[in-house]
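Undergrad: Below you'll find structure_36.pdb; it's PDB, C-alpha atoms and all ligand atoms.
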MODEL        1
ATOM      1  CA  MET A   1      -0.084  24.693 -14.378  1.00  0.00           C
ATOM      2  CA  SER A   2      -1.496  21.372 -15.623  1.00  0.00           C
ATOM      3  CA  GLU A   3       0.512  19.077 -17.824  1.00  0.00           C
ATOM      4  CA  SER A   4      -0.068  15.628 -19.258  1.00  0.00           C
ATOM      5  CA  LEU A   5       1.323  12.815 -17.139  1.00  0.00           C
ATOM      6  CA  SER A   6       1.543   9.131 -18.069  1.00  0.00           C
ATOM      7  CA  LEU A   7       1.224   6.650 -15.233  1.00  0.00           C
ATOM      8  CA  THR A   8       1.109   2.862 -15.123  1.00  0.00           C
ATOM      9  CA  VAL A   9      -0.941   1.710 -12.166  1.00  0.00           C
ATOM     10  CA  ASN A  10      -1.759  -1.937 -11.519  1.00  0.00           C
ATOM     11  CA  GLY A  11      -0.608  -2.719 -15.052  1.00  0.00           C
ATOM     12  CA  VAL A  12      -2.981  -0.194 -16.650  1.00  0.00           C
ATOM     13  CA  ALA A  13      -1.635   2.823 -18.565  1.00  0.00           C
ATOM     14  CA  TYR A  14      -3.256   6.178 -17.722  1.00  0.00           C
ATOM     15  CA  SER A  15      -2.779   9.652 -19.098  1.00  0.00           C
ATOM     16  CA  VAL A  16      -3.962  12.500 -16.872  1.00  0.00           C
ATOM     17  CA  ASN A  17      -3.703  16.270 -16.886  1.00  0.00           C
ATOM     18  CA  VAL A  18      -2.460  17.328 -13.482  1.00  0.00           C
ATOM     19  CA  ASP A  19      -0.609  20.082 -11.735  1.00  0.00           C
ATOM     20  CA  MET A  20       2.989  18.880 -11.517  1.00  0.00           C
ATOM     21  CA  GLY A  21       3.010  19.753  -7.824  1.00  0.00           C
ATOM     22  CA  ARG A  22       0.331  17.211  -6.905  1.00  0.00           C
ATOM     23  CA  ASN A  23       1.222  14.197  -4.871  1.00  0.00           C
ATOM     24  CA  LEU A  24       0.628  10.669  -6.111  1.00  0.00           C
ATOM     25  CA  LEU A  25      -2.013   9.982  -3.447  1.00  0.00           C
ATOM     26  CA  SER A  26      -4.286  12.767  -4.661  1.00  0.00           C
ATOM     27  CA  VAL A  27      -3.916  11.688  -8.289  1.00  0.00           C
ATOM     28  CA  LEU A  28      -4.653   8.044  -7.487  1.00  0.00           C
ATOM     29  CA  ARG A  29      -7.757   8.930  -5.492  1.00  0.00           C
ATOM     30  CA  GLY A  30      -8.954  12.063  -7.272  1.00  0.00           C
ATOM     31  CA  GLU A  31      -8.120  11.381 -10.908  1.00  0.00           C
ATOM     32  CA  LEU A  32      -7.991   7.605 -11.225  1.00  0.00           C
ATOM     33  CA  GLY A  33     -10.722   6.746  -8.719  1.00  0.00           C
ATOM     34  CA  LEU A  34      -8.456   4.330  -6.858  1.00  0.00           C
ATOM     35  CA  THR A  35      -9.743   5.149  -3.388  1.00  0.00           C
ATOM     36  CA  GLY A  36      -8.414   2.029  -1.676  1.00  0.00           C
ATOM     37  CA  THR A  37      -5.265   3.987  -0.842  1.00  0.00           C
ATOM     38  CA  LYS A  38      -6.111   6.099   2.210  1.00  0.00           C
ATOM     39  CA  GLU A  39      -5.154   9.580   3.323  1.00  0.00           C
ATOM     40  CA  GLY A  40      -4.328   9.745   7.011  1.00  0.00           C
ATOM     41  CA  CYS A  41      -1.728  12.214   8.249  1.00  0.00           C
ATOM     42  CA  ASP A  42      -0.687  13.556   4.821  1.00  0.00           C
ATOM     43  CA  ASP A  43       2.739  13.996   6.395  1.00  0.00           C
ATOM     44  CA  CYS A  44       4.668  10.741   5.899  1.00  0.00           C
ATOM     45  CA  GLU A  45       3.875   9.473   9.404  1.00  0.00           C
ATOM     46  CA  CYS A  46       1.064   6.894   9.285  1.00  0.00           C
ATOM     47  CA  GLY A  47       1.538   4.679   6.228  1.00  0.00           C
ATOM     48  CA  ALA A  48      -2.166   4.691   5.294  1.00  0.00           C
ATOM     49  CA  CYS A  49      -1.213   5.934   1.831  1.00  0.00           C
ATOM     50  CA  MET A  50       1.386   3.221   1.147  1.00  0.00           C
ATOM     51  CA  VAL A  51       1.722   2.006  -2.442  1.00  0.00           C
ATOM     52  CA  LEU A  52       4.479   0.139  -4.230  1.00  0.00           C
ATOM     53  CA  ILE A  53       6.697   1.870  -6.776  1.00  0.00           C
ATOM     54  CA  ASP A  54       8.671  -0.716  -8.711  1.00  0.00           C
ATOM     55  CA  GLY A  55       7.930  -3.093  -5.850  1.00  0.00           C
ATOM     56  CA  LYS A  56       9.171  -0.808  -3.063  1.00  0.00           C
ATOM     57  CA  PRO A  57       6.820   0.667  -0.446  1.00  0.00           C
ATOM     58  CA  VAL A  58       6.362   4.427  -0.694  1.00  0.00           C
ATOM     59  CA  ASN A  59       4.158   6.894   1.155  1.00  0.00           C
ATOM     60  CA  SER A  60       2.178   8.298  -1.762  1.00  0.00           C
ATOM     61  CA  CYS A  61       1.233  11.445   0.200  1.00  0.00           C
ATOM     62  CA  SER A  62       4.860  12.502   0.097  1.00  0.00           C
ATOM     63  CA  PHE A  63       5.701  11.419  -3.431  1.00  0.00           C
ATOM     64  CA  LEU A  64       5.024  13.653  -6.411  1.00  0.00           C
ATOM     65  CA  ALA A  65       2.867  12.042  -9.063  1.00  0.00           C
ATOM     66  CA  VAL A  66       5.384  13.115 -11.679  1.00  0.00           C
ATOM     67  CA  GLN A  67       8.037  11.028  -9.905  1.00  0.00           C
ATOM     68  CA  ALA A  68       5.950   7.940 -10.681  1.00  0.00           C
ATOM     69  CA  ALA A  69       6.006   8.519 -14.443  1.00  0.00           C
ATOM     70  CA  ASP A  70       7.516   5.581 -16.351  1.00  0.00           C
ATOM     71  CA  ARG A  71       7.545   3.457 -13.220  1.00  0.00           C
ATOM     72  CA  SER A  72       5.256   0.662 -12.083  1.00  0.00           C
ATOM     73  CA  VAL A  73       2.760   1.679  -9.392  1.00  0.00           C
ATOM     74  CA  THR A  74       0.824  -0.936  -7.444  1.00  0.00           C
ATOM     75  CA  THR A  75      -2.075  -0.023  -5.170  1.00  0.00           C
ATOM     76  CA  ILE A  76      -4.263  -2.183  -2.977  1.00  0.00           C
ATOM     77  CA  GLU A  77      -6.629  -2.602  -5.942  1.00  0.00           C
ATOM     78  CA  GLY A  78      -3.812  -4.329  -7.824  1.00  0.00           C
ATOM     79  CA  VAL A  79      -3.030  -6.886  -5.149  1.00  0.00           C
ATOM     80  CA  VAL A  80      -6.046  -9.098  -5.785  1.00  0.00           C
ATOM     81  CA  THR A  81      -5.256 -11.903  -8.211  1.00  0.00           C
ATOM     82  CA  PRO A  82      -7.617 -13.483 -10.765  1.00  0.00           C
ATOM     83  CA  GLU A  83      -7.838 -16.405  -8.346  1.00  0.00           C
ATOM     84  CA  GLY A  84      -8.990 -14.168  -5.490  1.00  0.00           C
ATOM     85  CA  LEU A  85      -7.494 -12.437  -2.487  1.00  0.00           C
ATOM     86  CA  ASP A  86      -3.747 -12.207  -2.068  1.00  0.00           C
ATOM     87  CA  GLN A  87      -2.339 -14.433   0.704  1.00  0.00           C
ATOM     88  CA  VAL A  88      -1.713 -11.346   2.843  1.00  0.00           C
ATOM     89  CA  GLN A  89      -5.323 -10.184   2.506  1.00  0.00           C
ATOM     90  CA  GLN A  90      -6.587 -13.679   3.303  1.00  0.00           C
ATOM     91  CA  ALA A  91      -4.341 -13.894   6.358  1.00  0.00           C
ATOM     92  CA  PHE A  92      -5.573 -10.526   7.678  1.00  0.00           C
ATOM     93  CA  LEU A  93      -9.122 -11.875   7.491  1.00  0.00           C
ATOM     94  CA  GLU A  94      -8.217 -15.179   9.137  1.00  0.00           C
ATOM     95  CA  LYS A  95      -6.243 -13.612  11.991  1.00  0.00           C
ATOM     96  CA  GLY A  96      -8.591 -10.687  12.629  1.00  0.00           C
ATOM     97  CA  GLY A  97      -5.989  -8.114  11.610  1.00  0.00           C
ATOM     98  CA  VAL A  98      -8.719  -5.708  10.486  1.00  0.00           C
ATOM     99  CA  GLN A  99     -10.946  -3.603  12.724  1.00  0.00           C
ATOM    100  CA  CYS A 100     -11.956  -0.209  11.317  1.00  0.00           C
ATOM    101  CA  GLY A 101      -9.879  -1.057   8.241  1.00  0.00           C
ATOM    102  CA  PHE A 102      -8.446   2.400   7.637  1.00  0.00           C
ATOM    103  CA  CYS A 103      -4.836   1.313   8.025  1.00  0.00           C
ATOM    104  CA  THR A 104      -5.350  -2.035   6.310  1.00  0.00           C
ATOM    105  CA  PRO A 105      -4.547  -1.180   2.667  1.00  0.00           C
ATOM    106  CA  GLY A 106      -1.271   0.428   3.701  1.00  0.00           C
ATOM    107  CA  MET A 107      -0.425  -2.453   6.032  1.00  0.00           C
ATOM    108  CA  ILE A 108      -1.081  -4.959   3.279  1.00  0.00           C
ATOM    109  CA  MET A 109       1.106  -3.076   0.804  1.00  0.00           C
ATOM    110  CA  SER A 110       3.989  -2.956   3.275  1.00  0.00           C
ATOM    111  CA  ALA A 111       3.531  -6.623   4.140  1.00  0.00           C
ATOM    112  CA  ARG A 112       3.375  -7.574   0.460  1.00  0.00           C
ATOM    113  CA  ALA A 113       6.621  -5.704  -0.225  1.00  0.00           C
ATOM    114  CA  LEU A 114       8.273  -7.367   2.775  1.00  0.00           C
ATOM    115  CA  LEU A 115       7.269 -10.877   1.723  1.00  0.00           C
ATOM    116  CA  ASP A 116       8.342 -10.265  -1.868  1.00  0.00           C
ATOM    117  CA  GLN A 117      11.804  -9.302  -0.590  1.00  0.00           C
ATOM    118  CA  CYS A 118      11.997 -11.665   2.364  1.00  0.00           C
ATOM    119  CA  PRO A 119       9.665 -14.673   2.013  1.00  0.00           C
ATOM    120  CA  ASP A 120      10.417 -16.131   5.457  1.00  0.00           C
ATOM    121  CA  PRO A 121      10.770 -13.142   7.804  1.00  0.00           C
ATOM    122  CA  SER A 122      11.427 -13.374  11.532  1.00  0.00           C
ATOM    123  CA  GLU A 123       9.033 -11.607  13.911  1.00  0.00           C
ATOM    124  CA  GLU A 124      11.584  -8.817  14.213  1.00  0.00           C
ATOM    125  CA  GLU A 125      11.796  -8.470  10.440  1.00  0.00           C
ATOM    126  CA  ILE A 126       7.990  -8.292  10.230  1.00  0.00           C
ATOM    127  CA  LYS A 127       7.970  -5.536  12.858  1.00  0.00           C
ATOM    128  CA  ILE A 128      10.603  -3.601  10.932  1.00  0.00           C
ATOM    129  CA  GLY A 129       8.728  -4.146   7.670  1.00  0.00           C
ATOM    130  CA  LEU A 130       5.560  -2.663   9.178  1.00  0.00           C
ATOM    131  CA  SER A 131       7.300   0.038  11.205  1.00  0.00           C
ATOM    132  CA  GLY A 132       6.061   2.765   8.854  1.00  0.00           C
ATOM    133  CA  ASN A 133       2.410   1.826   9.351  1.00  0.00           C
ATOM    134  CA  LEU A 134       0.313   2.954  12.290  1.00  0.00           C
ATOM    135  CA  CYS A 135      -2.884   1.282  13.504  1.00  0.00           C
ATOM    136  CA  ARG A 136      -5.168   2.860  16.087  1.00  0.00           C
ATOM    137  CA  CYS A 137      -7.393  -0.196  16.608  1.00  0.00           C
ATOM    138  CA  THR A 138      -5.823  -3.623  16.686  1.00  0.00           C
ATOM    139  CA  GLY A 139      -2.884  -3.391  19.067  1.00  0.00           C
ATOM    140  CA  TYR A 140      -0.739  -4.853  16.251  1.00  0.00           C
ATOM    141  CA  SER A 141      -0.487  -8.443  17.553  1.00  0.00           C
ATOM    142  CA  ARG A 142      -3.132  -9.749  15.139  1.00  0.00           C
ATOM    143  CA  ILE A 143      -1.531  -7.871  12.271  1.00  0.00           C
ATOM    144  CA  LEU A 144       1.861  -9.411  13.058  1.00  0.00           C
ATOM    145  CA  ALA A 145       0.229 -12.840  13.299  1.00  0.00           C
ATOM    146  CA  ALA A 146      -1.455 -12.267   9.942  1.00  0.00           C
ATOM    147  CA  VAL A 147       1.816 -11.441   8.208  1.00  0.00           C
ATOM    148  CA  ALA A 148       3.451 -14.505   9.766  1.00  0.00           C
ATOM    149  CA  LEU A 149       0.557 -16.638   8.512  1.00  0.00           C
ATOM    150  CA  ALA A 150       0.851 -15.136   5.036  1.00  0.00           C
ATOM    151  CA  ALA A 151       4.582 -15.874   5.027  1.00  0.00           C
ATOM    152  CA  ALA A 152       3.901 -19.496   5.928  1.00  0.00           C
ATOM    153  CA  ALA A 153       1.264 -19.762   3.181  1.00  0.00           C
ATOM    154  CA  ASP A 154       3.081 -17.854   0.446  1.00  0.00           C
TER     155      ASP A 154
HETATM  156  S1  LIG B 201      -1.181   9.800   4.712  1.00  0.00           S
HETATM  157 FE1  LIG B 201       0.774   9.371   3.930  1.00  0.00          FE
HETATM  158  S2  LIG B 201       1.944   8.690   5.616  1.00  0.00           S
HETATM  159 FE2  LIG B 201       0.019   9.276   6.464  1.00  0.00          FE
HETATM  160  S1  LIG B 202      -7.748  -1.320  11.935  1.00  0.00           S
HETATM  161 FE1  LIG B 202      -8.334   0.707  12.494  1.00  0.00          FE
HETATM  162  S2  LIG B 202      -6.517   1.865  12.261  1.00  0.00           S
HETATM  163 FE2  LIG B 202      -5.884  -0.167  11.964  1.00  0.00          FE
ENDMDL
END
Let me see whether you can do it: turn the structure in this file into structure tokens.
Ligand code: FES
Ligand code: FES

TA:
Amino acid sequence: MSESLSLTVNGVAYSVNVDMGRNLLSVLRGELGLTGTKEGCDDCECGACMVLIDGKPVNSCSFLAVQAADRSVTTIEGVVTPEGLDQVQQAFLEKGGVQCGFCTPGMIMSARALLDQCPDPSEEEIKIGLSGNLCRCTGYSRILAAVALAAAAD
């Protein structure tokens, strides 16, 4: 049964009619048109669907949309600043941390959350911060280098 749900995503207030059993990922992509957040495993394994809820990284495939009501949701579309790309996005470009790009939005959200909590992370802390995100292309070393670069630039 559909009910009205109020969400705040990237600082914008939305009201949508959705089945209360739907996950946040499907509402972001299907109802709000925010397709930067990707669907990979749909089983809390790959991190492609990572968004921030009140600043904390969450797999949106395994999070009911109704749980996000009255909380602040940030997706990859909300990371860009009026001045341009976020430092993490810029660093991924500079270090070649993007190949097919499917994992990249989720990686960037996890990295952004890490740097907001821990501005000067060690390599081990970066690995832990990205441990919920899988990449099939890059071999990870360029992604780790990108997050280290972003930390230095932040
Ligand atoms: S799609 Fe959500 S963790 Fe893989
Ligand atoms: S760049 Fe292709 S999955 Fe990570």

Undergrad: Excluding range 95-112 of chain A and its own-chain neighbours fewer than 2 positions away, which residues fall within 6 Å of it when counting only C-alpha atoms? Please give them as a ChimeraX atom specification.

TA: /A:47-50,57,76,91-93,114-115,135,142-143,146

Undergrad: How would the residues just chosen look if you wrote them out with C-alpha atoms as a compact mmCIF listing (two decimals), in the frame of the given file?

TA:
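Output file part36.txt is given in full below:
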# COMPACT_ATOMS: atom_id res chain seq x y z
CA GLY A 47 1.54 4.68 6.23
CA ALA A 48 -2.17 4.69 5.29
CA CYS A 49 -1.21 5.93 1.83
CA MET A 50 1.39 3.22 1.15
CA PRO A 57 6.82 0.67 -0.45
CA ILE A 76 -4.26 -2.18 -2.98
CA ALA A 91 -4.34 -13.89 6.36
CA PHE A 92 -5.57 -10.53 7.68
CA LEU A 93 -9.12 -11.88 7.49
CA LEU A 114 8.27 -7.37 2.78
CA LEU A 115 7.27 -10.88 1.72
CA CYS A 135 -2.88 1.28 13.50
CA ARG A 142 -3.13 -9.75 15.14
CA ILE A 143 -1.53 -7.87 12.27
CA ALA A 146 -1.46 -12.27 9.94

Undergrad: A:Ser141, A:Val73, A:Leu52, A:Thr81: which is nearest Ala113 in chain A, counting only C-alpha atoms?

TA: A:Leu52

Undergrad: Could you list the residues chosen by the PyMOL selection byres (((chain A and resi 26) around 10) and not hetatm) in this structure as a list of chain:residue names?

TA: A:Arg22, A:Asn23, A:Leu24, A:Leu25, A:Val27, A:Leu28, A:Arg29, A:Gly30, A:Glu31, A:Leu32, A:Gly33, A:Leu34, A:Thr35, A:Thr37, A:Lys38, A:Glu39, A:Cys49, A:Ser60, A:Cys61, A:Leu64, A:Ala65

Undergrad: What residues come out when you apply the PyMOL selection byres (((chain A and resi 127) around 12) and not hetatm) to this file, written as a CSV table (one decimal) with C-alpha atoms, in the coordinates of the input?

TA:
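Once written, selection_39.csv looks like this:
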chain,number,residue,atom,x,y,z
A,107,MET,CA,-0.4,-2.5,6.0
A,110,SER,CA,4.0,-3.0,3.3
A,111,ALA,CA,3.5,-6.6,4.1
A,114,LEU,CA,8.3,-7.4,2.8
A,121,PRO,CA,10.8,-13.1,7.8
A,122,SER,CA,11.4,-13.4,11.5
A,123,GLU,CA,9.0,-11.6,13.9
A,124,GLU,CA,11.6,-8.8,14.2
A,125,GLU,CA,11.8,-8.5,10.4
A,126,ILE,CA,8.0,-8.3,10.2
A,128,ILE,CA,10.6,-3.6,10.9
A,129,GLY,CA,8.7,-4.1,7.7
A,130,LEU,CA,5.6,-2.7,9.2
A,131,SER,CA,7.3,0.0,11.2
A,132,GLY,CA,6.1,2.8,8.9
A,133,ASN,CA,2.4,1.8,9.4
A,134,LEU,CA,0.3,3.0,12.3
A,140,TYR,CA,-0.7,-4.9,16.3
A,141,SER,CA,-0.5,-8.4,17.6
A,143,ILE,CA,-1.5,-7.9,12.3
A,144,LEU,CA,1.9,-9.4,13.1
A,145,ALA,CA,0.2,-12.8,13.3
A,146,ALA,CA,-1.5,-12.3,9.9
A,147,VAL,CA,1.8,-11.4,8.2
A,148,ALA,CA,3.5,-14.5,9.8

Undergrad: Of the residues A:Val51, A:Ala68, A:Val80, A:Leu85, which is the one nearest to ligand LIG 201 (chain B), using all atoms listed in the file?

TA: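 That would be A:Val51, the residue with the smallest distance to ligand LIG 201 (chain B).
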
Undergrad: Could you tell me which of A:Cys46, A:Met20, A:Leu7, A:Glu77 comes closest to ligand LIG 202 (chain B) if we count all atoms listed in the file?

TA: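 Of A:Cys46, A:Met20, A:Leu7, A:Glu77, the one nearest ligand LIG 202 (chain B), counting all atoms listed in the file, is A:Cys46.
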
Undergrad: Write out as a PyMOL selection string which residues come within 8 Å of Asn17 in chain A when counting all atoms listed in the file, dropping same-chain ones fewer than 3 positions away.

TA: chain A and resi 2-5

Undergrad: Between CA of Tyr14 in chain A and CA of Ala69 in chain A, what is the distance in Å, rounded to a tenth?

TA: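 According to the coordinates, CA of Tyr14 in chain A and CA of Ala69 in chain A are separated by 10.1 Å.
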
Undergrad: Just the residues within 7 Å of Arg71 in chain A, please, counting all atoms listed in the file, with nothing from its chain fewer than 5 positions along; format it as a PyMOL selection string.

TA: chain A and resi 8+53-54

Undergrad: Edge lengths and centre in Å to one decimal, as lines of an AutoDock Vina configuration file, of the axis-aligned box that encloses all listed atoms of range 54-68 of chain A with 6 Å added on every side?

TA:
center_x = 5.2
center_y = 5.3
center_z = -5.3
size_x = 19.9
size_y = 28.7
size_z = 24.8

Undergrad: Please report the interatomic distance between CA of Val9 in chain A and CA of Asp42 in chain A in Å with one decimal.

TA: 20.7 Å

Undergrad: Tell me, in Å to one decimal, how far CA of Val79 in chain A is from CA of Val18 in chain A.

TA: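 Between CA of Val79 in chain A and CA of Val18 in chain A the gap works out to 25.6 Å.
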
Undergrad: My list of candidates is A:Asp43, A:Arg136, A:Val12, A:Ala150. Which is closest to ligand LIG 202 (chain B) when distances are computed with all atoms listed in the file?

TA: A:Arg136

Undergrad: Hey, which of A:Val58, A:Ala153, A:Cys44, A:Val66 ends up closest to Gln89 in chain A? Count only C-alpha atoms.

TA: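 Going through A:Val58, A:Ala153, A:Cys44, A:Val66 one by one, the smallest distance to Gln89 in chain A is for A:Ala153.
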
Undergrad: Nearest to ligand LIG 202 (chain B) among A:Gly55, A:Gly36, A:Gly21, A:Gly139, with distances taken over all atoms listed in the file: which residue is it?

TA: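 Counting all atoms listed in the file, the residue closest to ligand LIG 202 (chain B) is A:Gly139.
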